[in-house]
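Participant: For reference, the file work-v1.txt (compact mmCIF, C-alpha atoms) is included below:
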# COMPACT_ATOMS: atom_id res chain seq x y z
CA MET A 1395 -28.64 0.63 -8.47
CA ASN A 1396 -25.18 1.30 -7.08
CA ILE A 1397 -24.34 -0.61 -3.90
CA VAL A 1398 -21.76 0.75 -1.47
CA LEU A 1399 -20.45 -1.49 1.31
CA LEU A 1400 -18.98 0.36 4.27
CA SER A 1401 -15.87 -1.33 5.65
CA GLY A 1402 -13.95 0.94 7.97
CA GLY A 1403 -14.33 0.09 11.64
CA SER A 1404 -11.99 -2.08 13.69
CA GLY A 1405 -14.58 -3.72 15.92
CA ALA A 1406 -13.26 -2.86 19.38
CA ARG A 1407 -16.10 -4.84 20.99
CA LEU A 1408 -14.62 -8.04 19.51
CA TRP A 1409 -11.22 -7.46 21.10
CA PRO A 1410 -8.71 -9.14 21.31
CA ILE A 1411 -9.16 -10.96 17.99
CA SER A 1412 -10.23 -7.75 16.27
CA ASN A 1413 -8.03 -4.64 16.05
CA GLU A 1414 -6.84 -1.94 13.64
CA ALA A 1415 -4.79 -4.43 11.62
CA ARG A 1416 -7.34 -7.25 11.72
CA SER A 1417 -10.87 -5.87 11.72
CA LYS A 1418 -13.89 -7.92 12.75
CA GLN A 1419 -15.31 -8.26 9.21
CA PHE A 1420 -12.25 -10.30 8.19
CA LEU A 1421 -12.35 -12.89 11.00
CA ARG A 1422 -12.97 -16.34 9.54
CA LEU A 1423 -15.01 -17.63 12.47
CA LEU A 1424 -18.29 -18.20 10.62
CA LYS A 1425 -19.06 -21.18 8.36
CA ASP A 1426 -20.48 -21.46 4.85
CA GLU A 1427 -22.96 -24.09 3.65
CA ASN A 1428 -20.10 -26.57 3.21
CA ASP A 1429 -18.80 -25.97 6.76
CA ASN A 1430 -15.77 -24.04 5.49
CA PRO A 1431 -14.48 -21.02 7.46
CA MET A 1432 -15.94 -17.73 6.25
CA SER A 1433 -15.68 -14.08 7.31
CA MET A 1434 -18.47 -11.50 7.55
CA ILE A 1435 -17.32 -9.67 4.43
CA GLN A 1436 -17.11 -12.88 2.43
CA ARG A 1437 -20.62 -13.88 3.50
CA VAL A 1438 -22.21 -10.50 2.69
CA TYR A 1439 -20.38 -10.14 -0.64
CA LYS A 1440 -21.51 -13.65 -1.64
CA GLN A 1441 -25.13 -12.92 -0.73
CA ILE A 1442 -25.19 -9.68 -2.72
CA ARG A 1443 -23.78 -11.47 -5.75
CA GLU A 1444 -26.48 -14.13 -5.41
CA THR A 1445 -29.10 -11.40 -5.81
CA GLY A 1446 -27.54 -10.33 -9.13
CA TYR A 1447 -25.96 -7.01 -8.14
CA SER A 1448 -22.31 -7.98 -8.47
CA ASP A 1449 -21.52 -5.54 -11.31
CA ASN A 1450 -22.34 -2.46 -9.21
CA ILE A 1451 -20.64 -3.06 -5.86
CA ILE A 1452 -18.14 -0.58 -4.43
CA ILE A 1453 -16.43 -1.03 -1.07
CA SER A 1454 -15.58 2.12 0.88
CA THR A 1455 -12.66 1.43 3.17
CA CYS A 1456 -9.44 2.71 4.74
CA ALA A 1457 -5.87 2.04 3.60
CA SER A 1458 -5.17 -0.50 6.36
CA GLN A 1459 -7.98 -2.77 5.13
CA THR A 1460 -7.35 -2.86 1.37
CA GLU A 1461 -5.01 -5.84 1.54
CA SER A 1462 -7.45 -7.86 3.66
CA ILE A 1463 -10.33 -7.11 1.26
CA THR A 1464 -8.27 -8.15 -1.76
CA MET A 1465 -7.15 -11.34 -0.01
CA GLN A 1466 -10.65 -12.38 1.00
CA LEU A 1467 -12.61 -11.33 -2.09
CA ASP A 1468 -10.64 -10.76 -5.29
CA ASP A 1469 -8.36 -8.17 -6.80
CA LYS A 1470 -11.12 -6.97 -9.16
CA VAL A 1471 -13.33 -5.57 -6.41
CA ASP A 1472 -13.90 -1.83 -6.76
CA LEU A 1473 -12.44 0.06 -3.78
CA VAL A 1474 -12.66 3.68 -2.66
CA VAL A 1475 -9.95 4.33 -0.08
CA GLU A 1476 -10.19 7.20 2.40
CA PRO A 1477 -7.03 9.31 2.65
CA GLU A 1478 -7.72 9.37 6.41
CA ARG A 1479 -10.39 8.01 8.73
CA ARG A 1480 -13.13 10.61 9.26
CA ASN A 1481 -16.27 8.52 9.99
CA THR A 1482 -19.10 7.46 7.66
CA PHE A 1483 -20.32 10.80 6.26
CA PRO A 1484 -16.98 11.73 4.65
CA ALA A 1485 -16.50 8.13 3.48
CA ILE A 1486 -19.91 8.13 1.77
CA ALA A 1487 -19.33 11.59 0.29
CA LEU A 1488 -16.00 10.44 -1.17
CA THR A 1489 -17.57 7.33 -2.66
CA CYS A 1490 -20.33 9.40 -4.24
CA ALA A 1491 -17.71 11.68 -5.76
CA TYR A 1492 -15.98 8.60 -7.17
CA LEU A 1493 -19.26 7.38 -8.70
CA HIS A 1494 -20.00 10.77 -10.24
CA TYR A 1495 -16.58 11.89 -11.46
CA GLU A 1496 -14.77 8.60 -12.13
CA LYS A 1497 -17.59 6.17 -13.00
CA ARG A 1498 -19.69 8.85 -14.74
CA VAL A 1499 -22.85 7.80 -12.86
CA ASP A 1500 -25.75 10.21 -13.43
CA LYS A 1501 -26.87 12.23 -10.40
CA SER A 1502 -30.40 10.81 -10.71
CA GLN A 1503 -29.27 7.25 -10.08
CA VAL A 1504 -29.87 5.56 -6.73
CA VAL A 1505 -27.06 4.71 -4.32
CA VAL A 1506 -27.73 2.11 -1.62
CA ILE A 1507 -25.45 2.03 1.42
CA LEU A 1508 -25.15 -0.99 3.68
CA PRO A 1509 -22.69 -2.23 6.30
CA VAL A 1510 -20.29 -5.02 5.51
CA ASP A 1511 -21.03 -7.05 8.64
CA PRO A 1512 -24.76 -7.81 9.12
CA TRP A 1513 -26.05 -11.33 9.71
CA ALA A 1514 -29.16 -11.66 7.56
CA GLY A 1515 -31.04 -14.01 5.29
CA ILE A 1516 -30.97 -13.64 1.52
CA HIS A 1517 -34.33 -11.81 1.58
CA TYR A 1518 -32.54 -8.90 3.28
CA PHE A 1519 -30.53 -8.35 0.09
CA HIS A 1520 -33.52 -8.79 -2.22
CA LYS A 1521 -35.12 -6.00 -0.17
CA LEU A 1522 -32.57 -3.57 -1.63
CA LYS A 1523 -34.70 -3.46 -4.78
CA ASP A 1524 -37.73 -2.41 -2.70
CA ILE A 1525 -35.70 0.43 -1.17
CA GLU A 1526 -34.63 1.63 -4.61
CA GLN A 1527 -38.20 1.56 -5.94
CA ALA A 1528 -39.61 3.26 -2.83
CA LEU A 1529 -37.17 6.12 -3.34
CA LEU A 1530 -37.78 6.41 -7.09
CA ASN A 1531 -41.57 6.35 -6.67
CA SER A 1532 -41.56 9.10 -4.05
CA LYS A 1533 -40.23 12.62 -3.59
CA HIS A 1534 -38.33 11.69 -0.43
CA ASN A 1535 -34.61 12.36 -0.20
CA ILE A 1536 -33.68 9.24 1.78
CA CYS A 1537 -35.20 5.78 2.14
CA LEU A 1538 -34.20 3.64 5.14
CA MET A 1539 -34.59 -0.04 5.97
CA GLY A 1540 -36.13 -0.61 9.39
CA VAL A 1541 -36.59 -3.63 11.64
CA HIS A 1542 -38.73 -4.06 14.75
CA PRO A 1543 -36.69 -3.52 17.94
CA THR A 1544 -36.38 -6.47 20.30
CA TYR A 1545 -35.20 -4.38 23.28
CA PRO A 1546 -34.40 -0.69 24.04
CA SER A 1547 -30.85 -0.73 22.71
CA GLU A 1548 -28.59 2.32 22.89
CA LYS A 1549 -26.55 1.15 19.86
CA TYR A 1550 -29.03 1.85 17.05
CA GLY A 1551 -30.82 4.71 15.38
CA TYR A 1552 -34.62 4.84 15.78
CA MET A 1553 -37.09 5.99 13.13
CA ILE A 1554 -40.66 6.92 14.07
CA PRO A 1555 -43.20 6.43 11.25
CA ASN A 1556 -46.24 8.65 10.83
CA THR A 1557 -49.13 7.19 12.81
CA ASN A 1558 -51.22 6.57 9.68
CA ASP A 1559 -48.35 4.66 8.01
CA LEU A 1560 -47.62 2.06 10.70
CA HIS A 1561 -49.16 -0.78 8.66
CA LEU A 1562 -48.14 0.43 5.20
CA PRO A 1563 -45.25 -1.21 3.28
CA ILE A 1564 -43.64 2.22 2.75
CA LYS A 1565 -43.71 4.50 5.77
CA ARG A 1566 -43.14 8.23 5.99
CA ILE A 1567 -40.76 8.99 8.84
CA GLN A 1568 -41.63 11.92 11.12
CA CYS A 1569 -38.57 11.72 13.37
CA PHE A 1570 -35.16 10.02 13.51
CA LYS A 1571 -33.08 9.71 16.67
CA GLU A 1572 -29.56 8.28 16.61
CA LYS A 1573 -28.37 6.20 19.62
CA PRO A 1574 -30.82 7.41 22.31
CA ASN A 1575 -30.33 6.40 25.94
CA GLN A 1576 -32.30 3.44 27.27
CA ASP A 1577 -35.19 5.51 28.65
CA GLN A 1578 -35.54 7.42 25.38
CA ALA A 1579 -35.34 4.18 23.40
CA THR A 1580 -38.15 2.65 25.48
CA LYS A 1581 -40.41 5.64 24.77
CA LEU A 1582 -39.57 5.54 21.04
CA ILE A 1583 -40.47 1.85 20.83
CA LEU A 1584 -43.88 2.60 22.42
CA GLN A 1585 -44.43 5.09 19.59
CA GLY A 1586 -43.88 2.35 16.98
CA ALA A 1587 -40.26 3.18 16.19
CA LEU A 1588 -38.12 0.88 14.06
CA TRP A 1589 -34.41 0.24 14.35
CA ASN A 1590 -32.26 1.62 11.57
CA CYS A 1591 -30.29 -1.44 10.46
CA GLY A 1592 -27.72 0.61 8.55
CA VAL A 1593 -29.25 0.31 5.07
CA PHE A 1594 -30.39 3.44 3.27
CA ALA A 1595 -30.73 4.86 -0.23
CA PHE A 1596 -30.57 8.28 -1.86
CA ARG A 1597 -30.11 9.78 -5.30
CA LEU A 1598 -26.46 10.44 -6.08
CA GLY A 1599 -26.99 14.17 -6.63
CA TYR A 1600 -28.41 14.56 -3.11
CA ILE A 1601 -25.06 13.81 -1.45
CA ILE A 1602 -23.06 15.68 -4.10
CA GLU A 1603 -25.05 18.82 -3.19
CA ILE A 1604 -24.52 18.33 0.56
CA SER A 1605 -20.78 17.81 -0.01
CA ASN A 1606 -20.62 21.07 -1.96
CA ASN A 1607 -21.45 22.90 1.28
CA TYR A 1608 -17.97 21.98 2.53
CA ILE A 1609 -15.78 21.62 -0.56
CA SER A 1610 -15.50 22.99 -4.06
CA ALA A 1611 -14.90 20.21 -6.57
CA SER A 1612 -14.92 19.66 -10.31
CA CYS A 1613 -13.20 16.25 -10.24
CA TYR A 1614 -12.50 13.34 -7.90
CA GLU A 1615 -8.99 14.59 -7.11
CA ASP A 1616 -10.50 17.84 -5.78
CA VAL A 1617 -12.56 15.87 -3.26
CA LEU A 1618 -9.54 13.83 -2.20
CA SER A 1619 -7.43 16.93 -1.67
CA GLN A 1620 -10.15 18.62 0.41
CA TYR A 1621 -11.21 15.50 2.28
CA ASN A 1622 -10.27 16.93 5.68
CA ASN A 1623 -12.77 19.77 5.10
CA LEU A 1624 -15.66 17.31 5.35
CA PRO A 1625 -17.17 17.05 8.86
CA LYS A 1626 -15.72 14.20 10.90
CA ASN A 1627 -19.14 12.81 11.68
CA SER A 1628 -21.35 9.80 11.06
CA PHE A 1629 -23.88 9.92 8.23
CA ASP A 1630 -26.68 9.34 10.75
CA TYR A 1631 -25.81 12.42 12.81
CA GLU A 1632 -24.70 14.63 9.92
CA VAL A 1633 -27.49 13.90 7.42
CA ILE A 1634 -30.34 11.65 8.58
CA GLU A 1635 -31.08 13.46 11.87
CA ASN A 1636 -31.26 16.74 9.96
CA GLU A 1637 -33.38 15.49 7.06
CA SER A 1638 -37.19 15.94 7.14
CA SER A 1639 -38.00 14.05 3.92
CA ILE A 1640 -37.46 10.38 4.82
CA CYS A 1641 -39.36 7.20 4.08
CA ALA A 1642 -38.70 3.64 5.20
CA VAL A 1643 -39.24 0.06 4.09
CA GLU A 1644 -39.76 -2.49 6.83
CA TYR A 1645 -37.76 -5.74 6.85
CA THR A 1646 -39.16 -8.65 8.87
CA GLY A 1647 -36.67 -11.41 8.14
CA GLU A 1648 -33.54 -12.61 9.93
CA TRP A 1649 -31.15 -9.81 10.91
CA LYS A 1650 -28.49 -9.26 13.54
CA ASP A 1651 -25.66 -6.82 14.07
CA LEU A 1652 -22.62 -8.99 14.83
CA GLY A 1653 -20.83 -6.15 16.57
CA THR A 1654 -20.46 -7.72 20.03
CA TRP A 1655 -19.34 -11.07 21.39
CA ASN A 1656 -22.88 -11.64 22.63
CA THR A 1657 -24.34 -11.62 19.12
CA PHE A 1658 -21.28 -12.89 17.26
CA THR A 1659 -21.04 -16.14 19.23
CA GLU A 1660 -24.69 -16.90 18.46
CA GLN A 1661 -23.63 -17.52 14.86
CA MET A 1662 -20.52 -19.56 15.65
CA SER A 1663 -21.10 -23.27 15.06
CA ASP A 1664 -18.19 -24.34 17.28
CA PHE A 1665 -17.94 -23.60 21.01
CA CYS A 1666 -14.16 -23.80 20.93
CA THR A 1667 -11.55 -22.83 18.35
CA GLY A 1668 -7.83 -23.58 18.54
CA ASN A 1669 -5.98 -25.39 21.31
CA VAL A 1670 -8.90 -25.52 23.77
CA VAL A 1671 -10.07 -28.25 26.14
CA MET A 1672 -13.60 -27.84 27.53
CA ASP A 1673 -15.46 -30.25 29.80
CA ASP A 1674 -19.23 -30.76 30.01
CA THR A 1675 -19.64 -28.39 32.98
CA ASN A 1676 -19.53 -25.35 30.67
CA VAL A 1677 -22.81 -23.71 29.64
CA ASN A 1678 -23.18 -21.39 26.61
CA THR A 1679 -19.49 -20.55 26.74
CA HIS A 1680 -17.24 -19.95 23.75
CA ALA A 1681 -13.45 -20.15 23.85
CA ILE A 1682 -11.04 -19.04 21.11
CA ASN A 1683 -7.33 -19.69 21.48
CA GLU A 1684 -4.78 -18.49 18.92
CA LEU A 1685 -1.78 -19.09 21.17
CA ASN A 1686 0.51 -22.12 21.14
CA LEU A 1687 -0.29 -22.75 24.81
CA PRO A 1688 -3.25 -24.98 25.77
CA LEU A 1689 -6.39 -23.38 27.22
CA ILE A 1690 -8.58 -25.37 29.66
CA VAL A 1691 -12.09 -24.11 30.46
CA MET A 1692 -14.27 -25.59 33.23
CA GLY A 1693 -17.54 -24.58 34.87
CA ALA A 1694 -17.97 -21.39 32.85
CA LYS A 1695 -21.48 -20.10 32.10
CA ASP A 1696 -22.44 -17.53 29.46
CA MET A 1697 -18.84 -16.47 28.96
CA ILE A 1698 -16.48 -15.54 26.15
CA ILE A 1699 -12.81 -16.44 26.56
CA ALA A 1700 -10.43 -15.30 23.84
CA ALA A 1701 -6.65 -15.68 23.99
CA THR A 1702 -4.56 -14.06 21.23
CA TYR A 1703 -1.18 -12.41 20.78
CA ASN A 1704 -2.91 -9.05 21.28
CA GLY A 1705 -4.33 -9.91 24.68
CA ILE A 1706 -6.64 -12.18 26.66
CA LEU A 1707 -10.33 -11.59 27.37
CA VAL A 1708 -12.38 -13.36 30.05
CA SER A 1709 -15.88 -11.90 30.26
CA ASP A 1710 -19.56 -12.53 30.73
CA LYS A 1711 -21.04 -12.33 27.23
CA HIS A 1712 -23.53 -9.59 28.06
CA GLN A 1713 -20.95 -7.51 29.92
CA SER A 1714 -18.51 -7.75 26.99
CA SER A 1715 -20.75 -5.34 25.05
CA TYR A 1716 -19.53 -2.53 27.29
CA MET A 1717 -15.78 -3.09 27.07
CA LYS A 1718 -14.93 -0.54 24.34
CA PRO A 1719 -13.60 2.13 26.77
CA LEU A 1720 -11.41 -0.49 28.45
CA VAL A 1721 -10.06 -1.66 25.10
CA GLU A 1722 -9.20 1.91 24.07
CA SER A 1723 -7.14 2.25 27.26
CA VAL A 1724 -4.95 -0.78 26.44
CA GLN A 1725 -4.65 -0.50 22.65
CA GLY A 1726 -1.09 -0.87 21.44
CA ARG A 1727 0.87 -2.23 18.52
CA PRO A 1728 -0.93 -5.07 16.65
CA MET A 1729 0.80 -8.31 17.60
CA TYR A 1730 -0.51 -10.44 14.71
CA GLU A 1731 -1.46 -9.63 11.13
CA GLU A 1732 -2.40 -11.57 8.01
CA CYS A 1733 -0.79 -10.30 4.81
CA MET A 1734 -0.97 -11.03 1.07
CA TRP A 1735 2.20 -13.09 1.42
CA GLY A 1736 1.43 -14.88 4.70
CA ASP A 1737 1.38 -13.51 8.24
CA TYR A 1738 3.54 -12.28 11.09
CA ARG A 1739 3.40 -12.11 14.87
CA VAL A 1740 5.37 -9.93 17.22
CA LEU A 1741 7.60 -11.84 19.65
CA ASP A 1742 9.24 -9.00 21.58
CA TYR A 1743 9.57 -5.23 21.74
CA VAL A 1744 12.23 -3.31 23.70
CA GLU A 1745 12.92 0.44 23.93
CA HIS A 1746 16.36 1.42 25.27
CA VAL A 1747 17.20 4.52 27.28
CA ASP A 1748 18.93 6.16 24.30
CA GLY A 1749 15.71 5.91 22.25
CA THR A 1750 16.80 2.94 20.16
CA LYS A 1751 14.00 0.42 19.67
CA CYS A 1752 14.19 -3.30 18.96
CA LEU A 1753 11.22 -5.21 17.53
CA THR A 1754 11.32 -8.98 16.95
CA LYS A 1755 8.83 -10.72 14.65
CA ARG A 1756 8.27 -14.20 13.32
CA LEU A 1757 7.35 -14.02 9.61
CA TYR A 1758 5.63 -16.76 7.63
CA VAL A 1759 5.81 -16.46 3.83
CA GLN A 1760 3.65 -18.85 1.81
CA LYS A 1761 5.17 -20.90 -0.99
CA GLY A 1762 5.32 -18.88 -4.19
CA LYS A 1763 4.57 -15.57 -2.46
CA SER A 1764 6.87 -12.58 -1.99
CA ILE A 1765 7.17 -9.82 0.55
CA SER A 1766 6.78 -6.54 -1.33
CA CYS A 1767 10.04 -4.88 -2.32
CA HIS A 1768 10.66 -2.02 0.12
CA LEU A 1769 13.17 -0.03 2.13
CA HIS A 1770 13.15 1.83 5.42
CA HIS A 1771 15.06 5.02 6.16
CA HIS A 1772 15.38 4.91 9.93
CA HIS A 1773 15.95 1.30 10.94
CA SER A 1774 17.91 -1.78 9.88
CA ASP A 1775 16.80 -5.44 9.84
CA VAL A 1776 18.37 -8.77 10.60
CA TRP A 1777 16.59 -11.77 9.06
CA THR A 1778 17.36 -15.30 10.21
CA ILE A 1779 15.90 -18.12 8.12
CA ILE A 1780 14.53 -20.81 10.48
CA SER A 1781 12.69 -23.03 7.96
CA GLY A 1782 12.17 -23.34 4.23
CA LEU A 1783 13.94 -22.12 1.12
CA GLY A 1784 13.74 -18.68 -0.44
CA GLU A 1785 15.15 -16.23 -2.94
CA PHE A 1786 16.44 -13.04 -1.32
CA THR A 1787 17.05 -9.81 -3.24
CA LEU A 1788 19.07 -6.92 -1.77
CA ASP A 1789 19.66 -3.79 -3.88
CA GLY A 1790 19.16 -5.80 -7.06
CA GLN A 1791 21.46 -8.68 -6.06
CA CYS A 1792 19.63 -12.02 -5.79
CA LYS A 1793 20.64 -15.21 -3.96
CA LYS A 1794 19.04 -18.35 -2.58
CA VAL A 1795 18.72 -18.64 1.19
CA SER A 1796 17.89 -21.55 3.48
CA VAL A 1797 17.78 -22.59 7.14
CA GLY A 1798 20.49 -20.93 9.25
CA ASP A 1799 21.25 -18.06 6.86
CA VAL A 1800 21.48 -14.63 8.51
CA LEU A 1801 20.69 -11.61 6.29
CA GLN A 1802 21.84 -8.09 7.23
CA ILE A 1803 19.65 -5.32 5.79
CA GLN A 1804 20.86 -1.78 6.35
CA ALA A 1805 18.68 1.32 6.28
CA ASN A 1806 17.85 2.58 2.76
CA ALA A 1807 18.57 -0.83 1.17
CA LYS A 1808 15.84 -2.10 -1.17
CA HIS A 1809 14.97 -5.70 -0.34
CA THR A 1810 12.45 -8.49 -0.83
CA ILE A 1811 12.22 -12.25 -0.44
CA ARG A 1812 10.26 -14.92 -2.33
CA ALA A 1813 9.36 -18.26 -0.78
CA ILE A 1814 10.40 -21.21 -2.95
CA ASN A 1815 8.65 -23.34 -0.37
CA ASP A 1816 6.98 -22.26 2.88
CA LEU A 1817 9.42 -19.95 4.60
CA GLU A 1818 9.78 -18.85 8.23
CA ILE A 1819 11.96 -15.92 9.26
CA ILE A 1820 12.88 -14.30 12.55
CA GLU A 1821 13.09 -10.58 11.87
CA VAL A 1822 14.81 -8.15 14.25
CA GLN A 1823 14.23 -4.45 13.53
CA ILE A 1824 16.64 -1.99 15.16
CA GLY A 1825 16.32 1.79 14.97
CA HIS A 1826 14.51 4.90 16.18
CA LEU A 1827 11.38 4.57 14.03
CA LEU A 1828 9.74 1.15 13.69
CA THR A 1829 6.42 1.99 12.05
CA GLU A 1830 4.82 1.86 8.61
CA ASP A 1831 5.67 5.57 8.26
CA ASP A 1832 9.29 4.51 7.75
CA VAL A 1833 8.55 2.01 4.96
CA VAL A 1834 8.73 2.88 1.25
CA TYR A 1835 7.25 0.29 -1.11
CA PHE A 1836 8.18 -0.32 -4.76
CA ASP A 1837 6.15 -1.94 -7.52
For the file at hand, write its structure as structure tokens.
Facilitator:
Amino acid sequence: MNIVLLSGGSGARLWPISNEARSKQFLRLLKDENDNPMSMIQRVYKQIRETGYSDNIIISTCASQTESITMQLDDKVDLVVEPERRNTFPAIALTCAYLHYEKRVDKSQVVVILPVDPWAGIHYFHKLKDIEQALLNSKHNICLMGVHPTYPSEKYGYMIPNTNDLHLPIKRIQCFKEKPNQDQATKLILQGALWNCGVFAFRLGYIIEISNNYISASCYEDVLSQYNNLPKNSFDYEVIENESSICAVEYTGEWKDLGTWNTFTEQMSDFCTGNVVMDDTNVNTHAINELNLPLIVMGAKDMIIAATYNGILVSDKHQSSYMKPLVESVQGRPMYEECMWGDYRVLDYVEHVDGTKCLTKRLYVQKGKSISCHLHHHHSDVWTIISGLGEFTLDGQCKKVSVGDVLQIQANAKHTIRAINDLEIIEVQIGHLLTEDDVVYFD
């Protein structure tokens, strides 16, 4: 069995702590058995390894998430990185091409896809073996994992088993409907429909053949170069809704999609995180504060309050599930990001009338870590050391730097810095292009 974890989304419904640079699966707001902070991806990866499948895990992701995955798991994890974001069908097709052309996996082998962010018991992951066997012992093209709906949600796909199979462990599926409206979902539930919880299996050759309808490939590089020819569509809409040969295995254990504040806070052991003061008049209210300012919460009921450098959210928990369109209207530059070497937060951004931009950041570099050697063509930097001791390299010339030192970095100058002990820097970028597109990294 080959297990593919999908890690691509940003989790707009968990704004403001989740964004393009800091996706929801990397938020360390859960706890492990020893009460240590843990993210969704760490929890799921650990559970899969506990079932004995660790040698065959591949994570399908985008370029902006590779560093976070490596930081939270290990640098040996097998990654397939999309050249651009095009939804789950292209991502799965690319990963299957990687398995076939690079890993030399036979087309008859089973591939199991699952999301990187479910909340489930360990039995959920043992059930992957049942899905594999159900597929191998049948002539179906796809096998899904289904759970009984608890309400007519518009967020899930619904599978309707054949009437004669309702009580069988393996059910033939007569119809699949992705994200119906509430009225449709209610009718589907009355017909015995199950929720699609994002887990499904197929033989590798099945997806290779579907991909060949859009691209012509004889190696993995061919698929990469033609990636934008694949439909920008979800796997559910592109494949499952159009497939007539589907079976399903029912899962009855613990399972939740932690995609909204309403469900995510149910798994948080602490009602407040950060510099928060809450009195006993609050009811079922969670507060997260990542700012240096204190946050006081009183008399709040069924609310989520989150204060970060990216923004502030004050919402009823149920209503927060519907905020995605609002978030898309205010999305801007990420104001905080964790990196392999530490983290940074944006302090100020100014754009002058002549088009010159000025971006000010506060960088934290952990002891023994280095910012990758790089240059930028269209802007210069000024670094001011405000704490710690480091080793600064500019165009091959190395020197020690400490508190009070001011470092001028012109455009096209290769530079890096290593923290001898924990290092804090105020960085001022000045130029006409202040994005990652202007950065060239060196090994």
Participant: Would you mind telling me which residue in A:Leu1685, A:Ala1514, A:Met1697, A:Leu1538 lies nearest to Ile1442 (chain A) when using only C-alpha atoms?
Facilitator: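 Using only C-alpha atoms, Ile1442 (chain A) sits closest to A:Ala1514.
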Participant: Box time for region 1397-1400 of chain A: axis-aligned, enclosing all its listed atoms, 6 Å extra on each side; report centre and edge lengths in Å to one decimal, as JSON.
Facilitator:
{"center_x": -21.7, "center_y": -0.4, "center_z": 0.2, "size_x": 17.4, "size_y": 14.2, "size_z": 20.2}
Participant: Restricting the calculation to all atoms listed in the file, which member of A:Thr1557, A:Ser1766, A:Thr1657, A:Ser1547 is positioned closest to Asn1575 (chain A)?
Facilitator: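 Checking each candidate against Asn1575 (chain A), we get A:Ser1547 as the closest.
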Participant: Could you check which of A:Leu1769, A:Pro1410, A:Phe1420, A:Met1553 is closest to Val1708 (chain A), using all atoms listed in the file?
Facilitator: A:Pro1410
Participant: Quick check, in Å to one decimal: how far apart do CA of Glu1732 (chain A) and CA of Val1670 (chain A) lie?
Facilitator: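 Computing the Euclidean distance for CA of Glu1732 (chain A) and CA of Val1670 (chain A) yields 22.0 Å.
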Participant: One decimal, Å: what's the distance from CA of Asp1832 (chain A) over to CA of Thr1754 (chain A), could you say?
Facilitator: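 Computing the Euclidean distance for CA of Asp1832 (chain A) and CA of Thr1754 (chain A) yields 16.5 Å.
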Participant: How far is it from CA of Ser1639 (chain A) to CA of Pro1546 (chain A), in Å with one decimal?
Facilitator: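 Calculated distance between CA of Ser1639 (chain A) and CA of Pro1546 (chain A) is 25.2 Å.
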Participant: Under the rule that all atoms listed in the file are counted, which of A:Glu1526, A:Glu1785, A:Asp1775, A:Glu1635 is the nearest residue to Val1504 (chain A)?
Facilitator: A:Glu1526
Participant: For a cut-off of 12 Å around (-18.6, 18.4, -3.3), file coordinates, pick out all residues using only C-alpha atoms and list them as a ChimeraX atom specification.
Facilitator: /A:1484,1486-1492,1494-1495,1598-1621,1623-1624
Participant: Put those residues in a file: C-alpha atoms, as a PDB file, keeping the file's coordinate frame.
Facilitator:
ATOM      1  CA  PRO A1484     -16.980  11.730   4.650  1.00  0.00           C
ATOM      2  CA  ILE A1486     -19.910   8.130   1.770  1.00  0.00           C
ATOM      3  CA  ALA A1487     -19.330  11.590   0.290  1.00  0.00           C
ATOM      4  CA  LEU A1488     -16.000  10.440  -1.170  1.00  0.00           C
ATOM      5  CA  THR A1489     -17.570   7.330  -2.660  1.00  0.00           C
ATOM      6  CA  CYS A1490     -20.330   9.400  -4.240  1.00  0.00           C
ATOM      7  CA  ALA A1491     -17.710  11.680  -5.760  1.00  0.00           C
ATOM      8  CA  TYR A1492     -15.980   8.600  -7.170  1.00  0.00           C
ATOM      9  CA  HIS A1494     -20.000  10.770 -10.240  1.00  0.00           C
ATOM     10  CA  TYR A1495     -16.580  11.890 -11.460  1.00  0.00           C
ATOM     11  CA  LEU A1598     -26.460  10.440  -6.080  1.00  0.00           C
ATOM     12  CA  GLY A1599     -26.990  14.170  -6.630  1.00  0.00           C
ATOM     13  CA  TYR A1600     -28.410  14.560  -3.110  1.00  0.00           C
ATOM     14  CA  ILE A1601     -25.060  13.810  -1.450  1.00  0.00           C
ATOM     15  CA  ILE A1602     -23.060  15.680  -4.100  1.00  0.00           C
ATOM     16  CA  GLU A1603     -25.050  18.820  -3.190  1.00  0.00           C
ATOM     17  CA  ILE A1604     -24.520  18.330   0.560  1.00  0.00           C
ATOM     18  CA  SER A1605     -20.780  17.810  -0.010  1.00  0.00           C
ATOM     19  CA  ASN A1606     -20.620  21.070  -1.960  1.00  0.00           C
ATOM     20  CA  ASN A1607     -21.450  22.900   1.280  1.00  0.00           C
ATOM     21  CA  TYR A1608     -17.970  21.980   2.530  1.00  0.00           C
ATOM     22  CA  ILE A1609     -15.780  21.620  -0.560  1.00  0.00           C
ATOM     23  CA  SER A1610     -15.500  22.990  -4.060  1.00  0.00           C
ATOM     24  CA  ALA A1611     -14.900  20.210  -6.570  1.00  0.00           C
ATOM     25  CA  SER A1612     -14.920  19.660 -10.310  1.00  0.00           C
ATOM     26  CA  CYS A1613     -13.200  16.250 -10.240  1.00  0.00           C
ATOM     27  CA  TYR A1614     -12.500  13.340  -7.900  1.00  0.00           C
ATOM     28  CA  GLU A1615      -8.990  14.590  -7.110  1.00  0.00           C
ATOM     29  CA  ASP A1616     -10.500  17.840  -5.780  1.00  0.00           C
ATOM     30  CA  VAL A1617     -12.560  15.870  -3.260  1.00  0.00           C
ATOM     31  CA  LEU A1618      -9.540  13.830  -2.200  1.00  0.00           C
ATOM     32  CA  SER A1619      -7.430  16.930  -1.670  1.00  0.00           C
ATOM     33  CA  GLN A1620     -10.150  18.620   0.410  1.00  0.00           C
ATOM     34  CA  TYR A1621     -11.210  15.500   2.280  1.00  0.00           C
ATOM     35  CA  ASN A1623     -12.770  19.770   5.100  1.00  0.00           C
ATOM     36  CA  LEU A1624     -15.660  17.310   5.350  1.00  0.00           C
TER      37      LEU A1624
END
